[in-house]
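Trainee: Here's a structure for you.
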Amino acid sequence: MELDFEPETTMLRREIRRFVDEEFRPLLTDLVDDIDRYHDLEPANPELTDNVRPHPIKIPERDRERLRAKAKAAGFWAMGVPEAYGGGGLSLVERCVVLEELSKHRLGLYQPGLGVIELGPGLTVGEPAAYLASADEYQIEQYFQPCIDGEKQSCFALTEPAAGSDPRGMETMATKDGDEWVIHGTKHYISWAGDADFLILFARTEPNGDGIDEHGITAFLVPTADDGVSMRSIPVIRPEYPFEVTLNDVRVPERNVLGDVGTGLALAKECLGESRVLYAANSLGPIDQSIRLGLEWATDRVVGGKPLAERQAVQWKLAKSAVDFQAAKYSVYHAAARFDAGADIRHESSITKYQTTETLWEVLDRIVQLHGGAGVDADLPLERWLREARVRRIGEGPSEIHLKTIARNLLNGYEDPDPLPLE
């Protein structure tokens, strides 16, 4: 079932799918699979050290540049960036289509575009609009435009060891000293920090305590090369490692404040609403592909003289997966369509983030089980997707937090909108 709302969206889907099939798949098939699930630590110290670096799976630079040139010629660059800054200005529905199709390969969950096709190149979570709206001319010229042009990389530094699901407990402090801010604290599980040229960093600019809540948090642009910035990678279940970033009396000028002082958490929330829908859309591809792998395996695999596809237990696994996939896909495009129509989608974004990432996990678990030993063999992408799916039930807000948010909205009298796409 296709949920595209305009002929242009259907054409976009076909063109992205063609690029993935003709350019990405042959390249990934030919590459030596160098997945390092459990990276070597220093032999003298089996514990995590500052010298441990993640080894994300990336395509060779020569192939990346060759394919990037093709993608740019086809208009597949900066597609999610507003047209005023040289981007394609795609709607959220269109961006979801792009991410769904881009995620239909082995590396698709965390490197969907392989650095070749990009929505918001170099910009964390691929959502530059909120940052650009808050940035002044200097910040756009020095930080954000180079990201859009593919020359710089940023990362989103919000989470802390003691402030994960509730950033109002943030302990990183920024103190004004003349025309500078002095920042000290620790950020935890920060994706892509090792490749970033600067952090979009959130710090408390008022003391934490009764009555302070979100208005005491400010966003800063912090170059990773600044004195006092250090980081170490954190080995996790997925191939791409996040980072712990430590800031020890880091000084940034007043002009590096993004937006107004005290409005940082509002900016973060604005980014997260959109990015959660994109996060969900990015999960759709592996669901689709795993069901296809399950159908192929069930048809070809003969056990006890009969194909697995003739066993009711196998049929039900596939049928339940198809039902769950359709519901998850609808929730993504419903939320995106409401956003494009100007609606507040905080409720819908929680629903689709929860539903889609839980569906991703459940479907992959079923299909891995259906494959038996082959399901955990790295020759197939299923075991990698399953490990990454486990992270996705936590990233962009744990499932339990979204259930709490959904329940709160319902108890406060939330009215479910017309399920048809808004005009």
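In the structure tokens, the first chain shown is A, the next is B, and so on; residue numbers restart at 1 for each chain, and ligands run from 1 in the order shown.
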Taking 3 positions as the minimum chain separation for residues in the same chain, which residues sit within 7 Å of Ile406 in chain A when counting only C-alpha atoms? Answer as a list in words.
Mentor: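 So the residues in contact are His347, Ser350, Ile351, His402, Leu403, Asn409 and Leu410 of chain A.
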Trainee: Emit the selected residues as a tab-separated table (two decimals), in the first residue's frame, including N, CA and C atoms.
Mentor:
```tsv
chain	number	residue	atom	x	y	z
A	347	HIS	N	1.98	14.97	19.68
A	347	HIS	CA	1.31	13.72	20.02
A	347	HIS	C	1.56	12.66	18.96
A	350	SER	N	5.13	11.22	18.87
A	350	SER	CA	5.38	10.21	19.90
A	350	SER	C	4.76	8.87	19.50
A	351	ILE	N	3.55	8.92	18.93
A	351	ILE	CA	2.90	7.69	18.50
A	351	ILE	C	3.72	6.98	17.43
A	402	HIS	N	7.61	7.80	25.54
A	402	HIS	CA	6.57	8.14	24.56
A	402	HIS	C	5.21	7.62	25.00
A	403	LEU	N	5.16	6.44	25.62
A	403	LEU	CA	3.88	5.97	26.16
A	403	LEU	C	3.37	6.91	27.24
A	409	ASN	N	-1.33	13.06	27.13
A	409	ASN	CA	-2.12	13.83	26.17
A	409	ASN	C	-3.57	13.34	26.14
A	410	LEU	N	-3.76	12.02	26.18
A	410	LEU	CA	-5.11	11.48	26.16
A	410	LEU	C	-5.89	11.90	27.41
```
Trainee: Neighbouring residues of Leu119 in chain A were defined as those with any atom within 9 Å, considering only C-alpha atoms; residues of the same chain fewer than 2 positions away were excluded. Please report them as a PyMOL selection string.
Mentor: chain A and resi 76-81+87-88+90+95+98-99+113+117+121+123+126-127
Trainee: Store the residues picked out above, limited to N, CA, C and O atoms, as an mmCIF file, in the first residue's frame.
Mentor:
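After the write, again07.cif holds the following:
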```cif
data_model
loop_
_atom_site.group_PDB
_atom_site.id
_atom_site.type_symbol
_atom_site.label_atom_id
_atom_site.label_comp_id
_atom_site.auth_asym_id
_atom_site.auth_seq_id
_atom_site.Cartn_x
_atom_site.Cartn_y
_atom_site.Cartn_z
ATOM 1 N N PHE A 76 19.687 15.297 -5.726
ATOM 2 C CA PHE A 76 19.567 14.584 -4.459
ATOM 3 C C PHE A 76 20.569 15.099 -3.431
ATOM 4 O O PHE A 76 21.313 14.337 -2.818
ATOM 5 N N TRP A 77 20.647 16.389 -3.246
ATOM 6 C CA TRP A 77 21.566 16.958 -2.261
ATOM 7 C C TRP A 77 20.875 18.116 -1.560
ATOM 8 O O TRP A 77 20.230 18.941 -2.197
ATOM 9 N N ALA A 78 21.011 18.143 -0.237
ATOM 10 C CA ALA A 78 20.385 19.200 0.570
ATOM 11 C C ALA A 78 18.892 19.284 0.284
ATOM 12 O O ALA A 78 18.308 20.368 0.277
ATOM 13 N N MET A 79 18.268 18.148 0.111
ATOM 14 C CA MET A 79 16.856 18.128 -0.274
ATOM 15 C C MET A 79 15.928 18.670 0.805
ATOM 16 O O MET A 79 14.867 19.212 0.514
ATOM 17 N N GLY A 80 16.333 18.515 2.072
ATOM 18 C CA GLY A 80 15.488 18.991 3.155
ATOM 19 C C GLY A 80 15.787 20.409 3.597
ATOM 20 O O GLY A 80 15.122 20.948 4.478
ATOM 21 N N VAL A 81 16.784 21.037 2.980
ATOM 22 C CA VAL A 81 17.174 22.403 3.339
ATOM 23 C C VAL A 81 16.235 23.388 2.637
ATOM 24 O O VAL A 81 15.903 23.199 1.465
ATOM 25 N N GLY A 87 18.778 24.718 -0.887
ATOM 26 C CA GLY A 87 18.308 23.346 -0.772
ATOM 27 C C GLY A 87 17.088 23.066 -1.619
ATOM 28 O O GLY A 87 16.598 23.929 -2.352
ATOM 29 N N GLY A 88 16.581 21.843 -1.486
ATOM 30 C CA GLY A 88 15.427 21.434 -2.274
ATOM 31 C C GLY A 88 14.093 21.789 -1.665
ATOM 32 O O GLY A 88 13.076 21.757 -2.352
ATOM 33 N N LEU A 90 12.142 20.192 0.484
ATOM 34 C CA LEU A 90 11.143 19.133 0.496
ATOM 35 C C LEU A 90 10.241 19.224 1.721
ATOM 36 O O LEU A 90 10.666 19.616 2.816
ATOM 37 N N ARG A 95 10.391 14.079 2.607
ATOM 38 C CA ARG A 95 11.608 13.644 3.292
ATOM 39 C C ARG A 95 11.453 12.243 3.866
ATOM 40 O O ARG A 95 12.394 11.445 3.883
ATOM 41 N N VAL A 98 11.995 9.822 1.070
ATOM 42 C CA VAL A 98 13.424 9.675 0.777
ATOM 43 C C VAL A 98 14.086 8.744 1.790
ATOM 44 O O VAL A 98 14.810 7.812 1.424
ATOM 45 N N LEU A 99 13.836 8.971 3.074
ATOM 46 C CA LEU A 99 14.484 8.153 4.098
ATOM 47 C C LEU A 99 13.993 6.715 4.083
ATOM 48 O O LEU A 99 14.767 5.785 4.330
ATOM 49 N N GLY A 113 22.002 7.456 3.560
ATOM 50 C CA GLY A 113 22.461 8.085 2.330
ATOM 51 C C GLY A 113 23.920 7.872 2.023
ATOM 52 O O GLY A 113 24.415 8.310 0.974
ATOM 53 N N ILE A 117 23.629 10.801 -0.769
ATOM 54 C CA ILE A 117 22.341 11.482 -0.853
ATOM 55 C C ILE A 117 22.024 12.032 0.522
ATOM 56 O O ILE A 117 22.023 11.287 1.502
ATOM 57 N N PRO A 121 22.711 17.945 4.670
ATOM 58 C CA PRO A 121 24.101 17.477 4.795
ATOM 59 C C PRO A 121 24.854 18.172 5.913
ATOM 60 O O PRO A 121 24.854 19.389 6.023
ATOM 61 N N LEU A 123 24.240 18.420 8.907
ATOM 62 C CA LEU A 123 23.430 18.953 9.996
ATOM 63 C C LEU A 123 22.813 17.808 10.778
ATOM 64 O O LEU A 123 22.209 16.905 10.207
ATOM 65 N N GLY A 126 19.470 15.819 10.307
ATOM 66 C CA GLY A 126 18.989 16.170 8.988
ATOM 67 C C GLY A 126 17.928 17.245 8.965
ATOM 68 O O GLY A 126 17.194 17.399 7.999
ATOM 69 N N GLU A 127 17.805 17.991 10.037
ATOM 70 C CA GLU A 127 16.737 18.978 10.134
ATOM 71 C C GLU A 127 17.302 20.373 10.341
ATOM 72 O O GLU A 127 17.388 20.866 11.461
#
```
Trainee: Where in range 124-252 of chain A does DSSP assign helix (DSSP H, G or I), given as a VMD selection string?
Mentor: chain A and resid 124 to 126 129 to 134 137 to 148 167 to 169 193 to 195 213 to 216
Trainee: Store the residues picked out above, limited to N, CA, C and O atoms, as a CSV table (one decimal), in the first residue's frame.
Mentor:
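selection-v6.csv, written as the output of this step:
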```
chain,number,residue,atom,x,y,z
A,124,THR,N,22.9,17.9,12.1
A,124,THR,CA,22.5,16.8,12.9
A,124,THR,C,21.0,16.5,12.7
A,124,THR,O,20.2,17.5,12.5
A,125,VAL,N,20.6,15.3,12.7
A,125,VAL,CA,19.3,14.8,12.5
A,125,VAL,C,18.7,15.2,11.2
A,125,VAL,O,17.5,15.0,10.9
A,126,GLY,N,19.5,15.8,10.3
A,126,GLY,CA,19.0,16.2,9.0
A,126,GLY,C,17.9,17.2,9.0
A,126,GLY,O,17.2,17.4,8.0
A,129,ALA,N,16.1,23.4,9.3
A,129,ALA,CA,15.2,24.5,9.3
A,129,ALA,C,15.1,25.2,10.6
A,129,ALA,O,15.2,26.5,10.7
A,130,ALA,N,15.0,24.5,11.7
A,130,ALA,CA,14.8,25.1,13.0
A,130,ALA,C,16.1,25.8,13.4
A,130,ALA,O,16.1,26.9,14.0
A,131,TYR,N,17.3,25.2,13.1
A,131,TYR,CA,18.6,25.9,13.4
A,131,TYR,C,18.7,27.2,12.6
A,131,TYR,O,19.1,28.2,13.1
A,132,LEU,N,18.4,27.1,11.3
A,132,LEU,CA,18.5,28.3,10.4
A,132,LEU,C,17.6,29.4,10.9
A,132,LEU,O,18.0,30.6,10.8
A,133,ALA,N,16.4,29.1,11.4
A,133,ALA,CA,15.5,30.1,11.8
A,133,ALA,C,16.0,30.8,13.1
A,133,ALA,O,15.7,31.9,13.3
A,134,SER,N,16.8,30.1,13.9
A,134,SER,CA,17.3,30.6,15.1
A,134,SER,C,18.7,31.3,14.9
A,134,SER,O,19.1,32.1,15.8
A,137,GLU,N,23.2,35.9,10.8
A,137,GLU,CA,23.9,35.8,9.6
A,137,GLU,C,25.3,35.3,9.8
A,137,GLU,O,25.8,34.5,9.0
A,138,TYR,N,26.0,35.7,10.9
A,138,TYR,CA,27.3,35.2,11.2
A,138,TYR,C,27.3,33.7,11.4
A,138,TYR,O,28.1,32.9,10.8
A,139,GLN,N,26.3,33.2,12.1
A,139,GLN,CA,26.3,31.7,12.4
A,139,GLN,C,25.9,30.9,11.2
A,139,GLN,O,26.5,29.8,11.0
A,140,ILE,N,25.1,31.5,10.3
A,140,ILE,CA,24.8,30.8,9.1
A,140,ILE,C,26.0,30.7,8.2
A,140,ILE,O,26.4,29.6,7.6
A,141,GLU,N,26.7,31.8,8.1
A,141,GLU,CA,27.9,31.9,7.2
A,141,GLU,C,29.0,31.0,7.7
A,141,GLU,O,29.7,30.3,6.9
A,142,GLN,N,29.3,31.0,9.0
A,142,GLN,CA,30.4,30.3,9.6
A,142,GLN,C,30.1,28.8,9.9
A,142,GLN,O,31.1,28.0,9.9
A,143,TYR,N,28.9,28.5,10.2
A,143,TYR,CA,28.6,27.2,10.7
A,143,TYR,C,27.6,26.4,9.8
A,143,TYR,O,28.0,25.3,9.3
A,144,PHE,N,26.5,27.0,9.5
A,144,PHE,CA,25.4,26.2,8.9
A,144,PHE,C,25.5,26.1,7.4
A,144,PHE,O,25.3,25.0,6.8
A,145,GLN,N,25.9,27.2,6.7
A,145,GLN,CA,26.1,27.1,5.3
A,145,GLN,C,27.2,26.1,4.9
A,145,GLN,O,27.0,25.3,3.9
A,146,PRO,N,28.3,26.1,5.5
A,146,PRO,CA,29.3,25.1,5.2
A,146,PRO,C,28.8,23.7,5.4
A,146,PRO,O,29.2,22.7,4.7
A,147,CYS,N,27.9,23.5,6.4
A,147,CYS,CA,27.3,22.2,6.5
A,147,CYS,C,26.4,21.8,5.3
A,147,CYS,O,26.5,20.7,4.8
A,148,ILE,N,25.6,22.8,4.9
A,148,ILE,CA,24.8,22.6,3.8
A,148,ILE,C,25.6,22.3,2.5
A,148,ILE,O,25.2,21.4,1.7
A,167,PRO,N,15.7,16.3,30.0
A,167,PRO,CA,16.8,17.2,29.9
A,167,PRO,C,16.8,18.4,30.9
A,167,PRO,O,17.7,19.1,31.1
A,168,ARG,N,15.6,18.5,31.6
A,168,ARG,CA,15.5,19.6,32.5
A,168,ARG,C,16.4,19.3,33.7
A,168,ARG,O,16.7,20.2,34.5
A,169,GLY,N,16.9,18.1,33.8
A,169,GLY,CA,17.9,17.8,34.9
A,169,GLY,C,19.3,18.0,34.5
A,169,GLY,O,20.3,17.6,35.1
A,193,ALA,N,29.8,12.6,17.1
A,193,ALA,CA,30.6,13.6,17.7
A,193,ALA,C,32.1,13.5,17.2
A,193,ALA,O,32.7,14.5,17.0
A,194,GLY,N,32.5,12.3,16.9
A,194,GLY,CA,33.9,12.1,16.5
A,194,GLY,C,34.2,12.7,15.1
A,194,GLY,O,35.3,13.0,14.8
A,195,ASP,N,33.1,12.9,14.3
A,195,ASP,CA,33.3,13.5,13.0
A,195,ASP,C,32.9,14.9,12.9
A,195,ASP,O,33.0,15.6,11.9
A,213,ASP,N,13.1,25.1,35.6
A,213,ASP,CA,12.7,24.2,34.5
A,213,ASP,C,13.4,24.6,33.2
A,213,ASP,O,14.6,24.9,33.1
A,214,GLU,N,12.7,24.5,32.0
A,214,GLU,CA,13.4,24.6,30.7
A,214,GLU,C,13.9,25.9,30.4
A,214,GLU,O,14.7,26.1,29.5
A,215,HIS,N,13.4,27.0,31.0
A,215,HIS,CA,13.9,28.3,30.6
A,215,HIS,C,15.3,28.6,31.0
A,215,HIS,O,15.8,29.7,30.7
A,216,GLY,N,15.9,27.7,31.8
A,216,GLY,CA,17.3,28.0,32.1
A,216,GLY,C,18.3,27.3,31.2
A,216,GLY,O,19.5,27.2,31.6
```
Trainee: For Gln289 in chain A, please output as a list in words all residues within 10 Å (counting only C-alpha atoms; exclusion window: fewer than 6 positions along the same chain).
Mentor: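 In the requested form, the answer reads Ser103, Lys104, His105, Arg106, Leu295, Leu364, Pro381 and Leu382 of chain A.
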Trainee: Could you pull out the strand (DSSP E or B) residues of range 171-353 of chain A, going by DSSP on the backbone, and write them as a PyMOL selection string?
Mentor: chain A and resi 173-177+180-190+198-204+217-223+229-233+243-253+257-258+302-303+306-307
Trainee: With only C-alpha atoms as the counted atoms, please give the residues lying no more than 8 Å from Ser290 in chain A, apart from itself and same-chain residues fewer than 2 positions off, as number ranges by chain.
Mentor: A: 286-288, 292-294, 363-364, 367, 382
Trainee: Smallest atom-to-atom distance to Glu383 in chain A: which of A:Pro253, A:Pro82, A:Pro239, A:Gly75, using only C-alpha atoms?
Mentor: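 Among A:Pro253, A:Pro82, A:Pro239, A:Gly75, it is A:Pro239 that comes nearest to Glu383 in chain A.
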Trainee: Which one of A:Gly86, A:Pro60, A:Gly122, A:Gly115 sits closest to Ser154 in chain A if you count only C-alpha atoms?
Mentor: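 Answer, going by the shortest atom-to-atom distance: A:Gly122.
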Trainee: Given the choices A:Ala203, A:Leu109, A:Leu92, A:Val245, which gets closest to Ala389 in chain A if the distance is worked out from only C-alpha atoms?
Mentor: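 Counting only C-alpha atoms, the residue closest to Ala389 in chain A is A:Leu109.
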Trainee: Just how far from CA of Lys152 in chain A is CA of Pro242 in chain A, in Å to one decimal?
Mentor: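 CA of Lys152 in chain A lies at a distance of 18.6 Å from CA of Pro242 in chain A.
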Trainee: What does the distance from CA of Ala335 in chain A to CA of Thr352 in chain A come to in Å, to one decimal?
Mentor: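 Spanning CA of Ala335 in chain A to CA of Thr352 in chain A is a straight-line distance of 7.4 Å.
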Trainee: Between A:Asp377, A:Gly372, A:Arg238, A:Ser165, single out the one closest to Glu400 in chain A, counting only C-alpha atoms.
Mentor: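 When distances to Glu400 in chain A are compared using only C-alpha atoms, the smallest one comes from A:Ser165.
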Trainee: In Å, rounded to a single decimal, give me how far CA of Leu107 in chain A is from CA of Arg25 in chain A.
Mentor: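 We find that CA of Arg25 in chain A and CA of Leu107 in chain A lie 10.4 Å from each other.
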Trainee: Closest to Ala71 in chain A among A:Ile16, A:Asp30, A:Arg301, A:Ile190, using only C-alpha atoms?
Mentor: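 Closest residue, counting only C-alpha atoms: A:Ile16.
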